[in-house]
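Participant: If it helps, the file is called final26.tsv and holds TSV, C-alpha atoms:
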```tsv
chain	number	residue	atom	x	y	z
A	290	MET	CA	-16.80	3.71	-19.40
A	291	GLU	CA	-18.13	0.21	-19.09
A	292	MET	CA	-19.23	-1.01	-15.66
A	293	ASP	CA	-16.14	-3.24	-15.18
A	294	GLN	CA	-13.83	-0.36	-16.05
A	295	MET	CA	-15.64	1.93	-13.59
A	296	ARG	CA	-15.20	-0.59	-10.76
A	297	ALA	CA	-11.51	-1.07	-11.53
A	298	TYR	CA	-10.80	2.67	-11.72
A	299	LYS	CA	-9.18	4.26	-8.70
A	300	ALA	CA	-8.89	8.00	-8.38
A	301	HIS	CA	-5.28	9.10	-8.05
A	302	CYS	CA	-4.48	11.73	-5.42
A	303	VAL	CA	-1.12	13.44	-5.19
A	304	VAL	CA	-0.54	14.62	-1.62
A	305	VAL	CA	2.04	17.44	-1.41
A	306	CYS	CA	3.61	17.89	2.03
A	307	PHE	CA	5.41	20.83	3.55
A	308	PRO	CA	8.84	19.37	4.38
A	309	THR	CA	8.80	19.25	8.17
A	310	GLN	CA	7.98	16.38	10.51
A	311	GLY	CA	4.91	18.03	12.04
A	312	HIS	CA	3.40	18.40	8.58
A	313	ILE	CA	4.32	15.14	6.91
A	314	ASN	CA	3.00	12.85	9.66
A	315	PRO	CA	-0.64	14.05	9.50
A	316	MET	CA	-0.56	13.99	5.71
A	317	LEU	CA	0.92	10.49	5.69
A	318	GLN	CA	-1.82	9.24	8.03
A	319	PHE	CA	-4.46	10.91	5.83
A	320	SER	CA	-2.87	9.31	2.75
A	321	LYS	CA	-3.10	5.88	4.37
A	322	ARG	CA	-6.82	6.43	4.99
A	323	LEU	CA	-7.35	7.42	1.38
A	324	GLU	CA	-5.51	4.31	0.24
A	325	ARG	CA	-7.59	2.08	2.54
A	326	ASN	CA	-10.67	3.54	0.85
A	327	GLY	CA	-9.47	2.44	-2.57
A	328	LEU	CA	-7.69	5.51	-3.88
A	329	LYS	CA	-4.23	5.50	-5.41
A	330	VAL	CA	-2.04	7.91	-3.44
A	331	THR	CA	1.32	9.43	-4.25
A	332	LEU	CA	2.91	11.30	-1.35
A	333	VAL	CA	5.20	14.10	-2.51
A	334	THR	CA	7.96	15.74	-0.50
A	335	THR	CA	11.22	17.49	-1.24
A	336	GLN	CA	14.38	15.66	-2.20
A	337	ALA	CA	16.19	16.88	0.93
A	338	PHE	CA	13.38	15.81	3.27
A	339	HIS	CA	13.02	12.45	1.52
A	340	LYS	CA	16.57	11.58	2.62
A	341	ARG	CA	15.33	11.73	6.23
A	342	LEU	CA	12.48	9.34	5.41
A	343	SER	CA	14.74	6.45	4.42
A	344	SER	CA	13.46	4.30	7.28
A	345	LEU	CA	9.79	4.99	6.48
A	346	SER	CA	7.94	1.78	5.69
A	347	THR	CA	4.67	2.35	3.88
A	348	SER	CA	2.71	1.03	0.93
A	349	ILE	CA	2.16	4.60	-0.24
A	350	THR	CA	4.19	5.63	-3.30
A	351	ILE	CA	6.59	8.45	-2.43
A	352	GLU	CA	7.89	10.86	-5.07
A	353	THR	CA	10.10	13.91	-4.73
A	354	ILE	CA	10.16	17.43	-6.08
A	355	SER	CA	12.86	20.06	-5.76
A	356	ASP	CA	12.77	23.08	-3.49
A	357	GLY	CA	16.01	24.41	-4.95
A	358	TYR	CA	17.94	23.22	-1.91
A	359	ASP	CA	18.18	19.51	-2.61
A	360	GLU	CA	21.10	18.80	-0.31
A	361	GLY	CA	19.94	20.51	2.88
A	362	GLY	CA	16.43	21.85	2.47
A	363	TRP	CA	15.47	25.00	4.33
A	364	ALA	CA	18.60	24.76	6.53
A	365	GLN	CA	20.68	25.32	3.39
A	366	ALA	CA	18.82	28.52	2.42
A	367	GLU	CA	20.10	31.97	3.34
A	368	THR	CA	16.75	32.94	4.89
A	369	MET	CA	13.34	31.36	5.35
A	370	GLU	CA	11.93	33.88	2.87
A	371	ALA	CA	14.52	32.80	0.27
A	372	TYR	CA	13.61	29.17	0.92
A	373	LEU	CA	9.86	29.74	0.54
A	374	ASP	CA	10.37	31.76	-2.67
A	375	SER	CA	12.58	29.04	-4.13
A	376	PHE	CA	10.19	26.28	-3.02
A	377	ARG	CA	7.28	28.09	-4.69
A	378	ASP	CA	9.14	28.72	-7.97
A	379	ILE	CA	11.11	25.49	-8.34
A	380	GLY	CA	8.51	23.36	-6.53
A	381	SER	CA	5.79	24.49	-8.96
A	382	LYS	CA	7.97	23.58	-11.93
A	383	THR	CA	9.03	20.17	-10.59
A	384	LEU	CA	5.52	19.33	-9.36
A	385	SER	CA	4.26	20.05	-12.89
A	386	GLU	CA	6.94	17.76	-14.28
A	387	LEU	CA	5.93	15.04	-11.82
A	388	ILE	CA	2.25	15.29	-12.80
A	389	LYS	CA	3.24	14.94	-16.47
A	390	LYS	CA	5.49	11.96	-15.64
A	391	LEU	CA	2.72	10.21	-13.70
A	392	SER	CA	0.22	10.85	-16.48
A	393	ASP	CA	2.63	9.57	-19.14
A	394	SER	CA	3.14	6.39	-17.11
A	395	GLY	CA	-0.60	5.69	-17.06
A	396	HIS	CA	-1.33	7.11	-13.59
A	397	ARG	CA	-3.33	10.22	-14.41
A	398	VAL	CA	-3.64	12.55	-11.41
A	399	ASP	CA	-7.22	13.37	-10.43
A	400	CYS	CA	-6.58	15.50	-7.36
A	401	ILE	CA	-3.79	17.41	-5.63
A	402	ILE	CA	-4.11	17.65	-1.86
A	403	TYR	CA	-1.67	20.18	-0.48
A	404	ASP	CA	-0.51	21.51	2.87
A	405	SER	CA	-2.10	24.82	3.86
A	406	PHE	CA	1.37	26.27	4.50
A	407	MET	CA	2.03	26.36	0.75
A	408	PRO	CA	-0.89	27.43	-1.44
A	409	TRP	CA	1.01	27.28	-4.76
A	410	PRO	CA	0.13	23.61	-5.52
A	411	LEU	CA	-3.43	24.83	-6.15
A	412	ASP	CA	-2.09	26.93	-9.03
A	413	VAL	CA	-0.43	23.82	-10.46
A	414	ALA	CA	-3.68	21.85	-10.12
A	415	ARG	CA	-5.58	24.58	-11.94
A	416	ARG	CA	-3.05	24.64	-14.79
A	417	PHE	CA	-3.71	20.93	-15.31
A	418	GLY	CA	-7.47	21.25	-14.87
A	419	ILE	CA	-7.55	18.92	-11.86
A	420	VAL	CA	-9.10	19.30	-8.44
A	421	GLY	CA	-7.06	20.90	-5.68
A	422	ALA	CA	-7.87	20.51	-1.98
A	423	VAL	CA	-6.14	22.10	0.99
A	424	PHE	CA	-5.23	20.01	4.04
A	425	PHE	CA	-4.77	21.73	7.39
A	426	THR	CA	-2.10	19.92	9.37
A	427	GLN	CA	-2.62	21.88	12.58
A	428	SER	CA	-5.54	21.36	14.93
A	429	CYS	CA	-8.93	22.95	14.33
A	430	ALA	CA	-8.34	25.13	17.42
A	431	VAL	CA	-5.40	26.77	15.64
A	432	ASP	CA	-7.49	27.15	12.48
A	433	ASN	CA	-10.16	28.85	14.60
A	434	ILE	CA	-7.58	31.30	15.94
A	435	TYR	CA	-6.42	32.09	12.37
A	436	TYR	CA	-10.02	32.66	11.35
A	437	SER	CA	-10.73	34.90	14.36
A	438	VAL	CA	-7.66	37.02	13.65
A	439	GLN	CA	-8.53	37.29	9.94
A	440	GLN	CA	-12.11	38.34	10.76
A	441	GLY	CA	-10.86	40.97	13.25
A	442	MET	CA	-12.48	39.22	16.22
A	443	LEU	CA	-9.09	38.65	17.85
A	444	LYS	CA	-6.31	41.25	17.88
A	445	VAL	CA	-2.69	40.20	17.59
A	446	PRO	CA	-0.77	40.67	19.72
A	447	PRO	CA	-3.41	40.55	22.44
A	448	SER	CA	-3.58	43.67	24.55
A	449	THR	CA	-2.99	43.37	28.28
A	450	ASN	CA	-5.28	45.13	30.70
A	451	GLU	CA	-3.18	46.62	33.45
A	452	SER	CA	-5.01	47.64	36.58
```
What's the structure tokens form of this structure?
Facilitator:
Amino acid sequence: MEMDQMRAYKAHCVVVCFPTQGHINPMLQFSKRLERNGLKVTLVTTQAFHKRLSSLSTSITIETISDGYDEGGWAQAETMEAYLDSFRDIGSKTLSELIKKLSDSGHRVDCIIYDSFMPWPLDVARRFGIVGAVFFTQSCAVDNIYYSVQQGMLKVPPSTNES
């Protein structure tokens, strides 16, 4: 690449959100920071959740993928397990289609940043040979609790000492 082309190039990050308010807000704020630092950002959410974002005013490009429940999201699913299975299967397929569409339109995706509640976008990133990065939407205190439980330093549920 020539020097002028290198200066004009902006990395393109696709930010994939878990479709609930407590997850999309931190990822939207992070996306705005990326954009302020010169990156092109495409925020991705489900079709059902996007309908709730109609009043959202942002310079960030928003795209949608399907979770298999396009009219009502997780509330439409029989169970949460059924929703998560459908979101993984159909979401992976439609996210792949979106990445191809963006690439075909001249906006090659360089990175997928995804919510820690849904690890399957990393598989999609790997299939395309692009970088995947997890984003933890909860506080670091909660992450520390998860880590402590996983390492066996904290037992769940906590035992009570009765005297």
Participant: Nearest to Trp409 (chain A) among A:Ala366, A:Val445, A:Val431, A:Ala422, with distances taken over all atoms listed in the file: which residue is it?
Facilitator: A:Ala422
Participant: Using all atoms listed in the file, which residues sit within 7 Å of region 412-418 of chain A once same-chain residues fewer than 6 positions away are excluded, as a list in words?
Facilitator: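 Near region 412-418 of chain A, the qualifying residues are Ser381, Ser385 and Ile401 of chain A.
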Participant: Point out the residue among A:Gln365, A:Ser405, A:Thr334, A:Thr350 with the least atom-to-atom distance to Leu384 (chain A), counting all atoms listed in the file.
Facilitator: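 The answer is A:Thr334, which sits nearest to Leu384 (chain A).
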Participant: Can you measure CA of Leu328 (chain A) to CA of Ala300 (chain A) for me? One decimal in Å is fine.
Facilitator: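 CA of Leu328 (chain A) sits 5.3 Å away from CA of Ala300 (chain A).
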Participant: Could you please determine the separation between CA of Gly380 (chain A) and CA of Phe406 (chain A) in Å, to one decimal place?
Facilitator: 13.5 Å
Participant: May I ask which of the residues A:Cys306, A:Ala371, A:Ile419, A:Leu332 is the closest one to Asp399 (chain A), counting all atoms listed in the file?
Facilitator: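 Using all atoms listed in the file, the shortest distance to Asp399 (chain A) belongs to A:Ile419.
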Participant: Could you give me, as a list in words, the residues within 9 Å of Met316 (chain A), counting all atoms listed in the file and dropping anything in the same chain fewer than 3 positions from it?
Facilitator: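 Once the nearby chain positions are removed, what remains is Val304, Val305, Cys306, His312, Ile313, Phe319, Ser320, Lys321, Leu332, Tyr403, Asp404, Phe424, Phe425 and Thr426 of chain A.
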Participant: How many Å lie between CA of Phe307 (chain A) and CA of Val333 (chain A), rounded to one decimal?
Facilitator: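 Distance between the two atoms: 9.1 Å.
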Participant: Given all atoms listed in the file as the basis, pick out the residue of A:Pro408, A:Ser394, A:Ile402, A:Glu360 nearest to Arg377 (chain A).
Facilitator: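 Once distances to Arg377 (chain A) are computed over all atoms listed in the file, the minimum belongs to A:Pro408.
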Participant: Hey, what's within 9 Å of Ile379 (chain A) if we count all atoms listed in the file and toss same-chain stuff fewer than 3 positions away? As a ChimeraX atom specification, please?
Facilitator: /A:354-357,374-376,382-384
Participant: Could you take the residues named above and write them with C-alpha atoms, as a short mmCIF file (atom, residue, chain, number, x, y, z; two decimals), in the coordinates of the input?
Facilitator:
```cif
data_model
loop_
_atom_site.label_atom_id
_atom_site.label_comp_id
_atom_site.auth_asym_id
_atom_site.auth_seq_id
_atom_site.Cartn_x
_atom_site.Cartn_y
_atom_site.Cartn_z
CA ILE A 354 10.16 17.43 -6.08
CA SER A 355 12.86 20.06 -5.76
CA ASP A 356 12.77 23.08 -3.49
CA GLY A 357 16.01 24.41 -4.95
CA ASP A 374 10.37 31.76 -2.67
CA SER A 375 12.58 29.04 -4.13
CA PHE A 376 10.19 26.28 -3.02
CA LYS A 382 7.97 23.58 -11.93
CA THR A 383 9.03 20.17 -10.59
CA LEU A 384 5.52 19.33 -9.36
#
```
Participant: From the set A:Thr347, A:Thr309, A:Ser437, A:Ser428, which residue has the shortest atom-to-atom contact distance to Ala364 (chain A), counting all atoms listed in the file?
Facilitator: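 Answer, going by the shortest atom-to-atom distance: A:Thr309.
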Participant: Looking at only C-alpha atoms, which of A:Gln336, A:Thr353, A:Thr331, A:Asn326 is the one that sits closest to Cys302 (chain A)?
Facilitator: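 Closest to Cys302 (chain A), using only C-alpha atoms: A:Thr331.
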Participant: Calculate, to one decimal in Å, the centre and edge lengths of the box along x, y and z of the file that holds all listed atoms of region 372-380 of chain A with 3 Å of margin on each side, and present them as lines of an AutoDock Vina configuration file.
Facilitator:
```
center_x = 10.4
center_y = 27.6
center_z = -3.7
size_x = 12.3
size_y = 14.4
size_z = 15.3
```
Participant: How would region 412-427 of chain A read, as a PDB file, in the frame of the given file, once N, CA, C and O atoms are built in?
Facilitator:
```pdb
ATOM      1  N   ASP A 412      -2.332  26.342  -7.711  1.00  0.00           N
ATOM      2  CA  ASP A 412      -2.090  26.930  -9.030  1.00  0.00           C
ATOM      3  C   ASP A 412      -1.680  25.858 -10.038  1.00  0.00           C
ATOM      4  O   ASP A 412      -2.101  25.884 -11.197  1.00  0.00           O
ATOM      5  N   VAL A 413      -0.857  24.924  -9.587  1.00  0.00           N
ATOM      6  CA  VAL A 413      -0.430  23.820 -10.460  1.00  0.00           C
ATOM      7  C   VAL A 413      -1.644  22.968 -10.828  1.00  0.00           C
ATOM      8  O   VAL A 413      -1.838  22.619 -11.999  1.00  0.00           O
ATOM      9  N   ALA A 414      -2.477  22.652  -9.851  1.00  0.00           N
ATOM     10  CA  ALA A 414      -3.680  21.850 -10.120  1.00  0.00           C
ATOM     11  C   ALA A 414      -4.556  22.539 -11.158  1.00  0.00           C
ATOM     12  O   ALA A 414      -5.041  21.904 -12.101  1.00  0.00           O
ATOM     13  N   ARG A 415      -4.740  23.832 -10.998  1.00  0.00           N
ATOM     14  CA  ARG A 415      -5.580  24.580 -11.940  1.00  0.00           C
ATOM     15  C   ARG A 415      -5.009  24.562 -13.347  1.00  0.00           C
ATOM     16  O   ARG A 415      -5.759  24.469 -14.316  1.00  0.00           O
ATOM     17  N   ARG A 416      -3.679  24.670 -13.461  1.00  0.00           N
ATOM     18  CA  ARG A 416      -3.050  24.640 -14.790  1.00  0.00           C
ATOM     19  C   ARG A 416      -3.323  23.312 -15.503  1.00  0.00           C
ATOM     20  O   ARG A 416      -3.416  23.264 -16.723  1.00  0.00           O
ATOM     21  N   PHE A 417      -3.446  22.239 -14.719  1.00  0.00           N
ATOM     22  CA  PHE A 417      -3.710  20.930 -15.310  1.00  0.00           C
ATOM     23  C   PHE A 417      -5.201  20.601 -15.371  1.00  0.00           C
ATOM     24  O   PHE A 417      -5.581  19.531 -15.837  1.00  0.00           O
ATOM     25  N   GLY A 418      -6.032  21.486 -14.846  1.00  0.00           N
ATOM     26  CA  GLY A 418      -7.470  21.250 -14.870  1.00  0.00           C
ATOM     27  C   GLY A 418      -7.910  20.140 -13.940  1.00  0.00           C
ATOM     28  O   GLY A 418      -8.882  19.439 -14.211  1.00  0.00           O
ATOM     29  N   ILE A 419      -7.174  19.962 -12.829  1.00  0.00           N
ATOM     30  CA  ILE A 419      -7.550  18.920 -11.860  1.00  0.00           C
ATOM     31  C   ILE A 419      -7.943  19.568 -10.539  1.00  0.00           C
ATOM     32  O   ILE A 419      -7.661  20.741 -10.285  1.00  0.00           O
ATOM     33  N   VAL A 420      -8.597  18.812  -9.723  1.00  0.00           N
ATOM     34  CA  VAL A 420      -9.100  19.300  -8.440  1.00  0.00           C
ATOM     35  C   VAL A 420      -7.938  19.537  -7.479  1.00  0.00           C
ATOM     36  O   VAL A 420      -7.007  18.740  -7.403  1.00  0.00           O
ATOM     37  N   GLY A 421      -8.023  20.623  -6.735  1.00  0.00           N
ATOM     38  CA  GLY A 421      -7.060  20.900  -5.680  1.00  0.00           C
ATOM     39  C   GLY A 421      -7.795  21.023  -4.359  1.00  0.00           C
ATOM     40  O   GLY A 421      -8.879  21.609  -4.300  1.00  0.00           O
ATOM     41  N   ALA A 422      -7.239  20.454  -3.301  1.00  0.00           N
ATOM     42  CA  ALA A 422      -7.870  20.510  -1.980  1.00  0.00           C
ATOM     43  C   ALA A 422      -6.806  20.796  -0.933  1.00  0.00           C
ATOM     44  O   ALA A 422      -5.756  20.159  -0.920  1.00  0.00           O
ATOM     45  N   VAL A 423      -7.087  21.749  -0.069  1.00  0.00           N
ATOM     46  CA  VAL A 423      -6.140  22.100   0.990  1.00  0.00           C
ATOM     47  C   VAL A 423      -6.313  21.150   2.164  1.00  0.00           C
ATOM     48  O   VAL A 423      -7.416  20.664   2.438  1.00  0.00           O
ATOM     49  N   PHE A 424      -5.221  20.859   2.840  1.00  0.00           N
ATOM     50  CA  PHE A 424      -5.230  20.010   4.040  1.00  0.00           C
ATOM     51  C   PHE A 424      -4.576  20.801   5.160  1.00  0.00           C
ATOM     52  O   PHE A 424      -3.438  21.256   5.020  1.00  0.00           O
ATOM     53  N   PHE A 425      -5.297  20.999   6.244  1.00  0.00           N
ATOM     54  CA  PHE A 425      -4.770  21.730   7.390  1.00  0.00           C
ATOM     55  C   PHE A 425      -4.128  20.747   8.360  1.00  0.00           C
ATOM     56  O   PHE A 425      -4.815  19.899   8.924  1.00  0.00           O
ATOM     57  N   THR A 426      -2.817  20.871   8.529  1.00  0.00           N
ATOM     58  CA  THR A 426      -2.100  19.920   9.370  1.00  0.00           C
ATOM     59  C   THR A 426      -2.174  20.272  10.847  1.00  0.00           C
ATOM     60  O   THR A 426      -1.935  19.412  11.688  1.00  0.00           O
ATOM     61  N   GLN A 427      -2.507  21.510  11.165  1.00  0.00           N
ATOM     62  CA  GLN A 427      -2.620  21.880  12.580  1.00  0.00           C
ATOM     63  C   GLN A 427      -4.050  21.602  13.065  1.00  0.00           C
ATOM     64  O   GLN A 427      -4.936  21.338  12.266  1.00  0.00           O
TER      65      GLN A 427
END
```
